[in-house]
Every structure is written in structure tokens, then in C-alpha cells.
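Novice: As input, take structure-v8.txt (compact mmCIF, C-alpha atoms):
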# COMPACT_ATOMS: atom_id res chain seq x y z
CA MET H 12 -36.36 -1.28 21.49
CA ASP H 13 -35.31 -4.05 19.12
CA ILE H 14 -31.92 -5.29 20.36
CA THR H 15 -30.85 -6.39 16.88
CA LYS H 16 -31.54 -2.89 15.58
CA LEU H 17 -29.54 -1.34 18.42
CA ILE H 18 -26.56 -3.55 17.63
CA GLU H 19 -26.84 -2.64 13.95
CA GLN H 20 -26.80 1.05 14.90
CA LEU H 21 -23.37 0.58 16.47
CA ASN H 22 -22.11 0.69 12.88
CA ASP H 23 -24.37 3.56 11.77
CA SER H 24 -22.78 6.21 9.55
CA CYS H 25 -23.44 8.81 12.27
CA GLU H 26 -21.13 8.76 15.31
CA CYS H 27 -23.79 10.22 17.60
CA LYS H 28 -26.23 7.43 16.69
CA ARG H 29 -23.55 4.82 17.31
CA LEU H 30 -22.83 6.18 20.76
CA GLU H 31 -26.53 6.56 21.63
CA ALA H 32 -27.10 2.92 20.70
CA LEU H 33 -24.22 1.90 22.96
CA LYS H 34 -25.67 3.94 25.84
CA GLU H 35 -28.99 2.16 25.44
CA LEU H 36 -27.37 -1.29 25.32
CA LYS H 37 -25.36 -0.49 28.45
CA LYS H 38 -28.49 0.78 30.20
CA LEU H 39 -30.43 -2.36 29.33
CA THR H 40 -27.52 -4.47 30.59
CA ASP H 41 -27.32 -2.55 33.87
CA GLU H 42 -31.07 -3.01 34.34
CA GLY H 43 -30.71 -6.76 33.90
CA LYS H 44 -32.71 -6.81 30.66
CA LEU H 45 -29.65 -8.03 28.76
CA ALA H 46 -27.12 -10.59 29.97
CA LYS H 47 -23.95 -9.12 31.45
CA PRO H 48 -20.75 -9.95 29.54
CA ALA H 49 -18.48 -12.62 30.95
CA VAL H 50 -15.73 -11.41 33.27
CA THR H 51 -12.23 -12.44 32.18
CA ASN H 52 -8.65 -11.27 32.58
CA TYR H 53 -8.08 -10.97 28.83
CA VAL H 54 -6.74 -7.78 27.24
CA ASN H 55 -6.13 -6.67 23.66
CA ASN H 56 -4.23 -3.57 22.56
CA HIS H 57 -4.53 -3.95 18.77
CA ILE H 58 -8.09 -3.60 17.48
CA HIS H 59 -8.63 -2.04 14.05
CA THR H 60 -11.72 -0.04 13.18
CA THR H 61 -13.34 1.49 10.11
CA TYR H 62 -10.71 4.24 10.28
CA SER H 63 -8.36 1.72 8.67
CA PHE H 64 -10.01 -1.55 7.62
CA SER H 65 -12.44 -3.44 9.81
CA PRO H 66 -16.10 -4.47 10.03
CA TYR H 67 -16.34 -2.43 13.25
CA SER H 68 -16.75 1.27 13.93
CA PRO H 69 -14.80 2.44 17.01
CA THR H 70 -18.01 2.10 19.03
CA LYS H 71 -18.81 -1.36 17.67
CA ALA H 72 -15.21 -2.48 18.20
CA LEU H 73 -15.33 -1.60 21.88
CA TYR H 74 -18.79 -3.14 22.25
CA MET H 75 -17.41 -6.39 20.82
CA ALA H 76 -14.43 -6.23 23.18
CA TRP H 77 -16.79 -5.66 26.12
CA GLN H 78 -19.15 -8.46 25.07
CA ASN H 79 -16.21 -10.85 24.80
CA GLY H 80 -15.20 -10.09 28.36
CA LEU H 81 -12.04 -8.08 27.74
CA LYS H 82 -10.85 -6.15 30.77
CA THR H 83 -9.19 -3.52 28.58
CA ALA H 84 -8.99 -2.75 24.86
CA GLY H 85 -6.84 -0.68 22.53
CA ILE H 86 -7.63 0.99 19.21
CA MET H 87 -4.90 0.62 16.57
CA ASP H 88 -5.58 1.86 13.04
CA HIS H 89 -3.21 2.19 10.09
CA ASP H 90 -1.89 5.74 9.60
CA SER H 91 -4.82 7.21 11.53
CA THR H 92 -5.96 8.21 14.99
CA GLY H 93 -9.27 9.40 13.53
CA GLY H 94 -11.28 6.90 15.56
CA CYS H 95 -9.59 7.47 18.92
CA LYS H 96 -11.91 10.14 20.30
CA GLU H 97 -15.00 8.05 19.54
CA PHE H 98 -13.30 5.04 21.11
CA LEU H 99 -12.67 7.06 24.28
CA LYS H 100 -16.30 8.21 24.38
CA ALA H 101 -17.45 4.61 24.04
CA ALA H 102 -15.07 3.61 26.83
CA GLU H 103 -16.59 6.24 29.11
CA ILE H 104 -20.06 4.84 28.44
CA LEU H 105 -18.95 1.30 29.27
CA GLY H 106 -16.67 2.29 32.14
CA MET H 107 -13.85 0.38 30.48
CA PRO H 108 -10.12 1.26 30.58
CA VAL H 109 -8.73 1.66 27.07
CA THR H 110 -5.64 2.80 25.22
CA CYS H 111 -5.07 4.67 21.95
CA GLY H 112 -2.45 3.97 19.32
CA VAL H 113 -1.61 4.07 15.63
CA GLU H 114 0.13 1.55 13.37
CA CYS H 115 2.30 2.54 10.44
CA ARG H 116 5.18 1.42 8.23
CA VAL H 117 8.52 3.16 8.57
CA ASP H 118 11.44 3.40 6.17
CA MET H 119 14.46 1.60 7.66
CA SER H 120 16.68 2.03 4.58
CA GLY H 121 18.98 4.38 6.47
CA THR H 122 19.96 1.61 8.90
CA SER H 123 21.87 -1.66 8.63
CA LEU H 124 18.50 -3.32 7.92
CA ASN H 125 18.43 -1.81 4.43
CA GLY H 126 17.65 -4.53 1.89
CA LYS H 127 16.37 -7.00 4.49
CA ARG H 128 12.86 -8.35 4.75
CA ILE H 129 12.00 -7.15 8.22
CA ASN H 130 8.36 -7.71 9.27
CA ASN H 131 6.63 -6.66 6.06
CA PRO H 132 5.60 -9.58 3.78
CA ASP H 133 5.32 -7.31 0.74
CA GLN H 134 8.44 -5.16 0.84
CA LYS H 135 12.04 -5.07 2.07
CA SER H 136 13.61 -2.24 4.13
CA VAL H 137 10.19 -1.27 5.52
CA ALA H 138 8.98 -2.19 9.01
CA TYR H 139 5.59 -2.19 10.69
CA VAL H 140 5.66 -0.29 13.97
CA ALA H 141 3.12 0.98 16.47
CA LEU H 142 2.85 4.18 18.47
CA HIS H 143 1.15 3.11 21.69
CA GLY H 144 -0.28 5.06 24.61
CA ILE H 145 -0.87 8.39 22.88
CA PRO H 146 -1.80 11.12 25.39
CA HIS H 147 -5.25 12.35 24.42
CA GLN H 148 -4.32 16.01 23.85
CA PHE H 149 -2.08 14.87 20.99
CA ILE H 150 -4.59 12.69 19.11
CA ASP H 151 -5.27 15.41 16.52
CA GLU H 152 -1.58 16.27 16.15
CA VAL H 153 -0.72 12.64 15.44
CA ASN H 154 -3.50 12.37 12.87
CA GLU H 155 -2.34 15.56 11.19
CA PHE H 156 1.19 14.13 11.02
CA PHE H 157 -0.13 11.14 9.08
CA ALA H 158 -2.38 13.19 6.74
CA TYR H 159 0.54 13.72 4.35
CA TYR H 160 1.33 9.99 4.31
CA ARG H 161 -2.32 9.04 3.78
CA ALA H 162 -2.43 11.32 0.74
CA LYS H 163 0.80 9.84 -0.62
CA ARG H 164 -0.59 6.37 -0.03
CA ASN H 165 -3.61 7.21 -2.16
CA GLU H 166 -1.37 8.11 -5.08
CA ARG H 167 -0.01 4.56 -4.95
CA ASN H 168 -3.50 3.15 -4.33
CA LYS H 169 -4.70 4.66 -7.60
CA LYS H 170 -1.84 3.03 -9.49
CA MET H 171 -2.56 -0.33 -7.86
CA CYS H 172 -6.21 -0.04 -8.91
CA GLN H 173 -4.97 0.43 -12.47
CA ASN H 174 -2.83 -2.69 -12.10
CA ILE H 175 -5.84 -4.65 -10.83
CA THR H 176 -7.98 -3.42 -13.71
CA ALA H 177 -5.34 -4.71 -16.12
CA LEU H 178 -5.51 -8.10 -14.38
CA VAL H 179 -9.31 -8.43 -14.31
CA SER H 180 -10.34 -6.58 -17.48
CA PRO H 181 -10.34 -9.88 -19.44
CA TYR H 182 -13.25 -10.91 -17.19
CA GLY H 183 -15.20 -7.72 -17.81
CA LEU H 184 -14.25 -6.17 -14.46
CA SER H 185 -12.56 -2.89 -13.58
CA LEU H 186 -11.72 -0.87 -10.49
CA ASP H 187 -11.88 2.90 -10.11
CA PHE H 188 -10.16 4.21 -6.98
CA ASP H 189 -12.29 7.32 -6.46
CA LYS H 190 -15.65 5.72 -7.28
CA ASP H 191 -15.23 2.16 -6.00
CA VAL H 192 -12.63 2.29 -3.22
CA VAL H 193 -12.67 5.63 -1.38
CA PRO H 194 -16.41 5.40 -0.48
CA LEU H 195 -15.64 2.18 1.43
CA SER H 196 -13.27 4.09 3.72
CA ASN H 197 -13.32 6.89 6.29
CA PHE H 198 -10.72 8.85 4.34
CA ALA H 199 -12.89 11.98 4.26
CA ILE H 200 -12.89 12.15 8.07
CA GLY H 201 -9.28 11.26 8.76
CA GLY H 202 -9.14 7.54 8.07
CA SER H 203 -6.76 5.65 5.79
CA VAL H 204 -7.25 3.64 2.60
CA THR H 205 -5.42 0.31 2.55
CA GLU H 206 -4.84 -2.58 0.16
CA ARG H 207 -7.72 -4.35 1.89
CA HIS H 208 -10.10 -1.57 0.84
CA ILE H 209 -8.98 -2.07 -2.75
CA LEU H 210 -9.52 -5.81 -2.60
CA TYR H 211 -12.85 -5.37 -0.82
CA ALA H 212 -14.04 -3.17 -3.68
CA LEU H 213 -13.03 -5.94 -6.10
CA THR H 214 -14.73 -8.49 -3.83
CA LYS H 215 -18.03 -6.60 -4.06
CA LYS H 216 -17.85 -6.52 -7.86
CA ILE H 217 -17.06 -10.23 -8.10
CA MET H 218 -19.87 -11.10 -5.67
CA GLU H 219 -22.31 -9.05 -7.72
CA ARG H 220 -21.26 -10.84 -10.91
CA TYR H 221 -21.20 -14.29 -9.28
CA PRO H 222 -23.97 -14.28 -6.64
CA THR H 223 -23.62 -17.89 -5.45
CA ALA H 224 -20.73 -19.64 -3.73
CA GLU H 225 -20.46 -22.26 -6.47
CA SER H 226 -20.35 -19.71 -9.30
CA LEU H 227 -17.79 -17.63 -7.45
CA ILE H 228 -15.56 -20.62 -6.72
CA ASP H 229 -15.81 -21.71 -10.35
CA PHE H 230 -14.82 -18.20 -11.51
CA ALA H 231 -11.86 -18.04 -9.12
CA GLU H 232 -10.53 -21.47 -10.05
CA ASN H 233 -11.23 -21.68 -13.75
CA GLU H 234 -11.06 -18.05 -14.89
CA MET H 235 -8.69 -16.33 -12.48
CA LYS H 236 -6.67 -19.54 -11.95
CA ILE H 237 -6.67 -19.06 -8.17
CA ALA H 238 -6.20 -22.14 -6.02
CA VAL H 239 -9.15 -22.24 -3.62
CA SER H 240 -8.45 -24.38 -0.56
CA ASP H 241 -10.98 -26.87 0.75
CA LYS H 242 -11.22 -24.76 3.92
CA ILE H 243 -12.25 -21.64 1.98
CA LYS H 244 -14.68 -23.64 -0.15
CA ASP H 245 -16.34 -25.02 2.97
CA LEU H 246 -16.59 -21.55 4.50
CA LEU H 247 -18.11 -20.04 1.36
CA ARG H 248 -20.58 -22.87 0.89
CA SER H 249 -21.71 -22.80 4.51
CA THR H 250 -22.02 -19.01 4.93
CA PRO H 251 -24.97 -16.98 3.56
CA THR H 252 -23.79 -14.59 0.87
CA ASP H 253 -25.34 -11.63 2.70
CA ASP H 254 -23.32 -12.43 5.83
CA ILE H 255 -20.36 -10.05 6.23
CA ARG H 256 -18.14 -13.06 6.93
CA TYR H 257 -18.74 -14.34 3.39
CA ALA H 258 -17.42 -11.13 1.84
CA TYR H 259 -14.39 -11.18 4.13
CA ASP H 260 -13.69 -14.80 3.17
CA VAL H 261 -13.68 -13.81 -0.51
CA LEU H 262 -11.44 -10.87 0.37
CA GLY H 263 -9.06 -13.23 2.17
CA LEU H 264 -8.95 -15.49 -0.89
CA LEU H 265 -8.02 -12.57 -3.13
CA LYS H 266 -5.48 -11.18 -0.68
CA GLY H 267 -3.67 -14.49 -0.46
CA ASN H 268 -3.40 -14.82 -4.24
CA MET H 269 -3.36 -11.38 -5.85
CA VAL H 270 -1.37 -8.85 -3.81
CA GLU H 271 2.02 -9.72 -5.27
CA LYS H 272 0.54 -9.35 -8.77
CA PHE H 273 -0.58 -5.73 -8.36
CA TYR H 274 1.51 -4.46 -5.43
CA ILE H 275 3.69 -1.38 -5.87
CA ASP H 276 6.38 -0.64 -3.32
CA ALA H 277 5.50 2.03 -0.77
CA THR H 278 7.99 4.90 -0.71
CA GLU H 279 6.89 8.44 0.18
CA GLU H 280 3.99 7.18 2.28
CA CYS H 281 6.36 5.62 4.84
CA PRO H 282 7.86 8.04 7.39
CA LYS H 283 11.58 7.78 7.97
CA VAL H 284 12.17 5.89 11.18
CA ASP H 285 13.79 8.96 12.75
CA ASP H 286 10.71 11.08 11.98
CA TYR H 287 8.47 8.45 13.60
CA ILE H 288 10.67 8.38 16.72
CA ALA H 289 10.67 12.18 16.86
CA LEU H 290 6.87 12.14 16.74
CA ALA H 291 6.72 9.57 19.55
CA ASN H 292 9.02 11.68 21.71
CA ARG H 293 7.14 14.90 20.95
CA VAL H 294 3.73 13.55 21.96
CA GLY H 295 4.84 11.22 24.75
CA GLY H 296 3.81 8.02 22.99
CA ILE H 297 5.52 4.64 23.22
CA ALA H 298 7.50 3.68 20.11
CA ALA H 299 7.07 -0.06 19.60
CA TYR H 300 8.47 -2.43 16.98
CA ALA H 301 6.00 -5.13 15.91
CA TYR H 302 7.72 -8.53 15.93
CA LEU H 303 6.49 -10.95 13.27
CA GLY H 304 9.01 -13.80 13.25
CA ASP H 305 9.77 -16.38 10.57
CA VAL H 306 6.78 -18.37 9.36
CA GLY H 307 7.35 -22.09 8.76
CA ASN H 308 4.31 -24.21 9.44
CA SER H 309 2.09 -21.26 10.35
CA VAL H 310 0.88 -21.53 13.95
CA THR H 311 -2.40 -19.91 12.94
CA GLY H 312 -2.63 -21.53 9.50
CA ASP H 313 -3.11 -18.21 7.69
CA LYS H 314 0.46 -17.34 6.70
CA LYS H 315 2.59 -18.70 3.90
CA ALA H 316 6.11 -19.89 4.73
CA GLN H 317 8.42 -16.88 4.66
CA LYS H 318 11.58 -15.65 6.38
CA PHE H 319 11.51 -12.47 8.43
CA GLU H 320 13.62 -11.24 11.38
CA ASP H 321 14.76 -14.38 13.17
CA ASP H 322 18.10 -14.87 11.37
CA TYR H 323 19.27 -11.38 12.37
CA LEU H 324 17.18 -10.72 15.49
CA ASP H 325 20.20 -9.63 17.56
CA GLU H 326 21.12 -7.04 14.93
CA LEU H 327 17.52 -5.83 14.81
CA ILE H 328 17.50 -5.37 18.58
CA GLU H 329 20.67 -3.27 18.35
CA VAL H 330 19.09 -1.05 15.66
CA LEU H 331 15.96 -0.59 17.79
CA LYS H 332 18.12 0.40 20.76
CA GLU H 333 20.13 2.81 18.63
CA LYS H 334 16.94 4.45 17.35
CA ARG H 335 15.55 4.59 20.92
CA PHE H 336 12.48 2.44 20.55
CA ASN H 337 10.76 1.91 23.90
CA ALA H 338 8.96 -1.36 23.33
CA ILE H 339 8.41 -4.49 21.28
CA THR H 340 4.89 -5.67 20.61
CA TYR H 341 4.05 -9.25 19.66
CA MET H 342 1.17 -11.72 19.39
CA PRO H 343 1.51 -14.87 21.51
CA THR H 344 -0.81 -16.87 19.24
CA ARG H 345 1.20 -16.10 16.09
CA ASN H 346 4.57 -17.59 17.02
CA THR H 347 6.14 -20.79 18.31
CA PRO H 348 7.13 -21.16 21.97
CA GLN H 349 10.78 -21.13 20.91
CA GLN H 350 10.38 -17.82 19.05
CA LEU H 351 8.56 -16.22 21.95
CA ASP H 352 11.01 -17.45 24.60
CA ARG H 353 13.92 -16.03 22.61
CA LEU H 354 12.17 -12.72 22.01
CA MET H 355 11.10 -12.26 25.63
CA ALA H 356 14.62 -13.00 26.85
CA LEU H 357 16.04 -10.39 24.46
CA CYS H 358 13.47 -7.84 25.63
CA ASP H 359 14.41 -8.45 29.26
CA LYS H 360 18.12 -8.26 28.50
CA ASN H 361 17.86 -5.04 26.50
CA GLY H 362 15.24 -3.20 28.55
CA PHE H 363 12.33 -3.23 26.12
CA PHE H 364 8.78 -2.82 27.41
CA GLN H 365 6.73 -5.78 26.16
CA ILE H 366 3.26 -5.15 24.73
CA SER H 367 0.82 -7.71 23.38
CA GLY H 368 -2.09 -7.23 21.02
CA GLU H 369 -3.90 -9.62 18.71
CA ASP H 370 -4.59 -7.96 15.36
CA ILE H 371 -8.39 -7.70 14.90
CA ASN H 372 -9.64 -6.61 11.46
CA SER H 373 -12.15 -9.25 10.30
CA PRO H 374 -15.39 -10.74 11.64
CA ARG H 375 -14.08 -14.28 12.14
CA GLN H 376 -11.25 -13.21 14.44
CA LYS H 377 -11.60 -13.72 18.16
CA PHE H 378 -11.15 -10.75 20.45
CA ILE H 379 -9.60 -12.83 23.20
CA CYS H 380 -6.11 -14.32 23.23
CA VAL H 381 -6.31 -17.61 25.13
CA ALA H 382 -2.50 -17.80 25.09
CA LEU H 383 -2.65 -15.24 27.91
CA ASP H 384 -3.87 -18.06 30.14
CA ASP H 385 -0.27 -19.28 30.20
CA PRO H 386 1.40 -17.87 33.35
CA LYS H 387 4.55 -17.03 31.39
CA PHE H 388 2.56 -14.33 29.59
CA GLY H 389 1.18 -12.83 32.78
CA HIS H 390 3.53 -9.87 32.40
CA LEU H 391 1.66 -8.88 29.23
CA ILE H 392 -1.54 -8.30 31.20
CA GLU H 393 0.36 -6.20 33.74
CA ALA H 394 1.98 -4.33 30.84
CA THR H 395 -1.42 -3.41 29.44
CA TYR H 396 -2.39 -1.73 32.69
CA ALA H 397 0.99 0.04 32.73
CA LEU H 398 0.29 1.21 29.17
CA ILE H 399 -3.05 2.66 30.25
CA GLY H 400 -1.48 4.26 33.32
CA HIS H 401 1.18 5.80 31.09
CA GLU H 402 -1.46 7.18 28.73
CA ASN H 403 -3.60 8.62 31.51
CA CYS H 404 -0.63 10.28 33.24
CA GLY H 405 0.65 11.64 29.95
CA THR H 406 -2.81 13.08 29.28
CA GLU H 407 -2.64 14.95 32.58
CA ASN H 408 0.96 16.07 31.98
CA VAL H 409 3.05 14.78 29.11
CA GLU H 410 6.19 14.89 31.26
CA ASP H 411 4.66 12.31 33.60
CA ASN H 412 4.56 9.49 31.02
CA MET H 413 6.41 6.23 31.59
CA PHE H 414 9.40 6.99 29.34
CA SER H 415 9.95 10.71 29.97
CA ALA H 416 13.33 11.87 31.23
CA LYS H 417 11.62 13.05 34.42
CA THR H 418 10.07 9.65 35.12
CA LYS H 419 13.20 7.66 34.24
CA GLU H 420 15.27 9.81 36.56
CA LYS H 421 12.82 9.11 39.38
CA MET H 422 12.43 5.38 38.51
CA PRO H 423 15.38 4.16 36.40
CA ASP H 424 14.34 0.49 36.51
CA LEU H 425 11.73 -0.39 33.86
CA LYS H 426 10.16 -3.05 36.10
CA ASP H 427 9.55 -0.44 38.80
CA ARG H 428 7.91 1.86 36.28
CA ILE H 429 5.68 -0.93 34.94
CA LYS H 430 4.55 -1.79 38.46
CA HIS H 431 3.92 1.87 39.32
CA PHE H 432 1.93 2.77 36.20
CA ALA H 433 -0.04 -0.48 36.28
CA SER H 434 -1.11 0.27 39.85
CA LEU H 435 -2.35 3.70 38.75
CA ALA H 436 -4.49 2.19 36.00
CA LYS H 437 -5.93 -0.52 38.24
Would you put the structure from the file into C-alpha cells?
Specialist:
Amino acid sequence: MDITKLIEQLNDSCECKRLEALKELKKLTDEGKLAKPAVTNYVNNHIHTTYSFSPYSPTKALYMAWQNGLKTAGIMDHDSTGGCKEFLKAAEILGMPVTCGVECRVDMSGTSLNGKRINNPDQKSVAYVALHGIPHQFIDEVNEFFAYYRAKRNERNKKMCQNITALVSPYGLSLDFDKDVVPLSNFAIGGSVTERHILYALTKKIMERYPTAESLIDFAENEMKIAVSDKIKDLLRSTPTDDIRYAYDVLGLLKGNMVEKFYIDATEECPKVDDYIALANRVGGIAAYAYLGDVGNSVTGDKKAQKFEDDYLDELIEVLKEKRFNAITYMPTRNTPQQLDRLMALCDKNGFFQISGEDINSPRQKFICVALDDPKFGHLIEATYALIGHENCGTENVEDNMFSAKTKEKMPDLKDRIKHFASLAK
């Protein structure tokens, strides 16, 4: 069979066709008809799929992780675990250890962090968090928990589409949430609709109106008055317009220049932090705060200068302890060595499990984190195996997870638990 067609089918609208295509690709690889992926020690616990916003279905996401040589991979969608079961089926086909999680924003206004910009560039008093290592029998329960918040989010999404229409109507453009945005999502089958979906719908309309890179750049600069960097111009001019990367580059341009003009603060769609912690405890998941850190000269070059948690990091740690978070997750490529050294020391001092995952939600992003080559991040690889061991044990019996009262009584020291659960996964 045509290999290109098989790879395309990994993003088919039908889950069964996606998984069948993966089975065939794995079979051809095992038979030596396709090159085997490179073997590395890299891991990644934070891969988005089409159940939030991504160019990859759960099956395609894991195929990409496998092809890039990842030893393990983790699904992490916004407000949704809708893709987790497919991800697990794909993992079984590939014989690859994986982990399931969900990312969301929580309301921290009832804490001393009220009024502070925490780790959310768009809004104060709201924090991005992750629920890692969800035992598989609770995947549906977690997704049902977030159904209310996804619906509330869509109420705000509709209003933001109206705001965008007001901004672009002078150019003969408009955006209808139900007709233009929802069809780009997996909302009907338990996925979420994000700001990126809204901007992607606008991207498609702009690309249709301005079908060449030069006409689109001219429109952005001279009509919309958006500053287009030389880097983005070069990418647009050098990428075919039918290449998915081109559309994502336009989306990135709009995201960097328009969000603050149409954004409406999220309120009812953000669970209270106590409700999120209660959910984590009920299902045996790992409650993790996602560290962002102040951005000066962006390490990755894709963030504007902005202050986040660093000036009050000690206070933040105390709030996380008070609320009984289990872990802190961070991205080694996104911060300076000084930020990471400080954070890791605070995690060690305060008994936080450290989890790493590089956010993957666009086709130009690399699945591997070369920062993990640094020996000082070796504990993050071990932690990934511990995370998988936790999830597998919790799936067998929720009371056997890494942070249950039963387990902590048997192994009070976090380092002992990490070693134990990592050995089970390996």
C-alpha cells in the first residue's frame, strides 16, 4: 500500500481507520519494509491532539512520537480526556509506554495569588495546571467533569467571535462560531474549543481571500496594521500555501497580535482550584502546577517579555503546598538555567514531584527535548517512568497510586516512591 496514503489516514476522521493505518505501518516496520525509528532516551508528557488544538489525531500524535524516537509519550489536551482511549489503543499497537493527562485553567482568586499574573499570559488570578497519570477507569469521569466547563467556554468563545467580527468587518470578513469554528474541533465527541480554533477559522478565511504569501503579508501589514517579522515573512514565502505549516504560521502571526484585542476573561469555565484538587484526589491523578517563569529575552524566541511567577515564587510554592498539589511540571527548553536551578531546588526542598513535558501543538515543533541530554535533568526521565508506573498501578487499584495514603504510609520518602514506580514501568 502507498505509504504516504497510510500516513495520511492516521488523521482520518474515523478512529478505526486511523488505528488500522497505524497497525499496517507498524507491521511494515516489523517486516523491515520501512526503516525502524531511531532509539533515544527522550520522553515527552505533554502532547496535544485534535481533542484540543493540534495537527495530530491521538493516533498520529503517538506515531510522530514513535518516529522521533521517544521512549514514552503523554497525551495532554485542554479540558478534555476525549482522546485518551485512542491514544492507549495506539500505544498498544506500537508497544510503547504512555501516560494520560488533561490540562486546564483553575481559578486561584480564593488564595493569596488573587490579582497576580501567575502563569497565564492573558489573565490574572488564573493558573494553568495539569492532571497527570489518570488511571484509565476514570478517563470518562474526568471528561464528564470538564463537559460543563467546555460548554461554559463556548459561551465565551461565541462572544470572542463577535469581537473578532467587529475587528475584521471593515475588511469584508466575519466569523460565526457555530459555522466556522466548531466544525474545526472535536467538540461533538468530547473535545474542547480553544482560542486557537477561533484564530484558525479566521486564518482559513484570510488565506482564501489572499491566496499568496505576498498578498497575505501585504494585507496583514497595510490593512490590519500587524507587524510581520522578517522570520515570519521568510517562513510564509518559503512554505507552499497548501502545507499545513503555512496555515499554522499565519495562525501564529494572528495569535501574537490579536488575542489581547478580542480576549474576554474566562470565569465560569475555570474550575475552582479546590474542585480541581478534589477531582485529582477522587480519581488518583497527580495534581501538577505548570511553571512558566518570567520571560525576558525569550529562550525560545516565541514569547514577548512579560512577568509571571518569579518575583513571588516562594509564596506560590506555599500556596501549592497548602492546596496539596503533588507536582510541578516545567519545560527545560523554555527557561534559563538560573530559573530552572531555582525551581528544582524549591521542588526538592518542598517535596514536589518534578514532571517535564514540551508542549506540542503545531507542526513545526520538535517532539524531542534535547535539553534532557544534560545530566542534571536525568531525574525527569526517571520521573516519566514513575508517572507511568503510577498510572498503571492506579489502573489496577486506585489505592496503589504513587500519592495515595496507603502508598505514602508504606513509602514516606518521595524519592523511594519515584524509584519504586519507575522500576515497575521499566
Novice: From the set H:Leu30, H:Ala199, H:Val140, H:Ala298, which residue has the shortest atom-to-atom contact distance to Cys281 in chain H, counting only C-alpha atoms?
Specialist: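 Smallest separation from Cys281 in chain H among the options: H:Val140.
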Novice: Pick from H:Lys426, H:Lys315, H:His401, H:Arg164: nearest to Asp90 in chain H, with all atoms listed in the file counted?
Specialist: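 Closest candidate: H:Arg164.
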Novice: Would you mind telling me which residue in H:Ser203, H:Gln78, H:Thr83, H:Thr214 lies nearest to Lys437 in chain H when using only C-alpha atoms?
Specialist: H:Thr83
Novice: Can you work out the spacing between CA of Asn131 in chain H and CA of Asn55 in chain H in Å, to one decimal?
Specialist: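 CA of Asn55 in chain H lies 21.7 Å from CA of Asn131 in chain H.
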Novice: Given the point (-16.1, 4.3, 20.0) in the file's coordinates, find the residues that have an atom at most 8 Å from it, counting all atoms listed in the file, and give them as a PyMOL selection string.
Specialist: chain H and resi 29-30+68-73+94-102
Novice: Counting all atoms listed in the file, what is within 8 Å of range 322-336 of chain H, bar same-chain residues fewer than 3 positions away, as a ChimeraX atom specification?
Specialist: /H:122-124,284-285,288,297-300,319,357,361,363
Novice: In Å, with one decimal, what is the gap from CA of Ile209 in chain H to CA of Leu21 in chain H?
Specialist: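 CA of Ile209 in chain H sits 24.2 Å away from CA of Leu21 in chain H.
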Novice: Within 12 Å of Lys421 in chain H, counting only C-alpha atoms, which residues show up once you throw out same-chain ones fewer than 4 positions away? Write them as number ranges by chain, please.
Specialist: H: 410-417, 425, 427-428, 431
Novice: Leaving out Leu184 in chain H and any residue of its chain fewer than 3 positions from it, which residues lie within 9 Å of it when counting only C-alpha atoms, given as a list in words?
Specialist: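 Contacts, in chain order: Thr176, Leu178, Val179, Ser180, Pro181, Leu213, Lys216 and Ile217 of chain H.
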Novice: Smallest atom-to-atom distance to Arg293 in chain H: which of H:Phe273, H:Phe156, H:Phe188, H:Tyr139, using only C-alpha atoms?
Specialist: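 Of H:Phe273, H:Phe156, H:Phe188, H:Tyr139, the one nearest Arg293 in chain H, counting only C-alpha atoms, is H:Phe156.
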Novice: List the spatial neighbours of Ala84 in chain H as a list in words - criterion: any atom at most 10 Å away, only C-alpha atoms, same-chain residues fewer than 3 positions off excluded.
Specialist: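 Within the cut-off, the hits are Tyr53, Val54, Asn55, Asn56, His57, Ile58, Ala72, Leu73, Ala76, Trp77, Leu81, Met87, Phe98, Ala102, Met107, Pro108, Val109, Thr110, Cys111, Gly368, Phe378, Thr395 and Ile399 of chain H.
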Novice: Since we have the selection now, will you write its residues out, keeping C-alpha atoms, as an mmCIF file, in the coordinates of the input?
Specialist:
data_model
loop_
_atom_site.group_PDB
_atom_site.id
_atom_site.type_symbol
_atom_site.label_atom_id
_atom_site.label_comp_id
_atom_site.auth_asym_id
_atom_site.auth_seq_id
_atom_site.Cartn_x
_atom_site.Cartn_y
_atom_site.Cartn_z
ATOM 1 C CA TYR H 53 -8.080 -10.970 28.830
ATOM 2 C CA VAL H 54 -6.740 -7.780 27.240
ATOM 3 C CA ASN H 55 -6.130 -6.670 23.660
ATOM 4 C CA ASN H 56 -4.230 -3.570 22.560
ATOM 5 C CA HIS H 57 -4.530 -3.950 18.770
ATOM 6 C CA ILE H 58 -8.090 -3.600 17.480
ATOM 7 C CA ALA H 72 -15.210 -2.480 18.200
ATOM 8 C CA LEU H 73 -15.330 -1.600 21.880
ATOM 9 C CA ALA H 76 -14.430 -6.230 23.180
ATOM 10 C CA TRP H 77 -16.790 -5.660 26.120
ATOM 11 C CA LEU H 81 -12.040 -8.080 27.740
ATOM 12 C CA MET H 87 -4.900 0.620 16.570
ATOM 13 C CA PHE H 98 -13.300 5.040 21.110
ATOM 14 C CA ALA H 102 -15.070 3.610 26.830
ATOM 15 C CA MET H 107 -13.850 0.380 30.480
ATOM 16 C CA PRO H 108 -10.120 1.260 30.580
ATOM 17 C CA VAL H 109 -8.730 1.660 27.070
ATOM 18 C CA THR H 110 -5.640 2.800 25.220
ATOM 19 C CA CYS H 111 -5.070 4.670 21.950
ATOM 20 C CA GLY H 368 -2.090 -7.230 21.020
ATOM 21 C CA PHE H 378 -11.150 -10.750 20.450
ATOM 22 C CA THR H 395 -1.420 -3.410 29.440
ATOM 23 C CA ILE H 399 -3.050 2.660 30.250
#
Novice: Using all atoms listed in the file, find the one residue out of H:Ala238, H:Ile379, H:Ile104, H:Ala141 that sits nearest to Met75 in chain H.
Specialist: H:Ile379
Novice: Write out as a PyMOL selection string which residues come within 6 Å of range 34-49 of chain H when counting all atoms listed in the file, dropping same-chain ones fewer than 2 positions away.
Specialist: chain H and resi 31-32+78+80
Novice: Pick from H:Lys236, H:Arg167, H:Lys190, H:Lys244: nearest to Tyr274 in chain H, with only C-alpha atoms counted?
Specialist: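 Checking each candidate against Tyr274 in chain H, we get H:Arg167 as the closest.
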Novice: Distance CA of Ala433 in chain H-CA of Gly400 in chain H, one decimal place?
Specialist: 5.8 Å
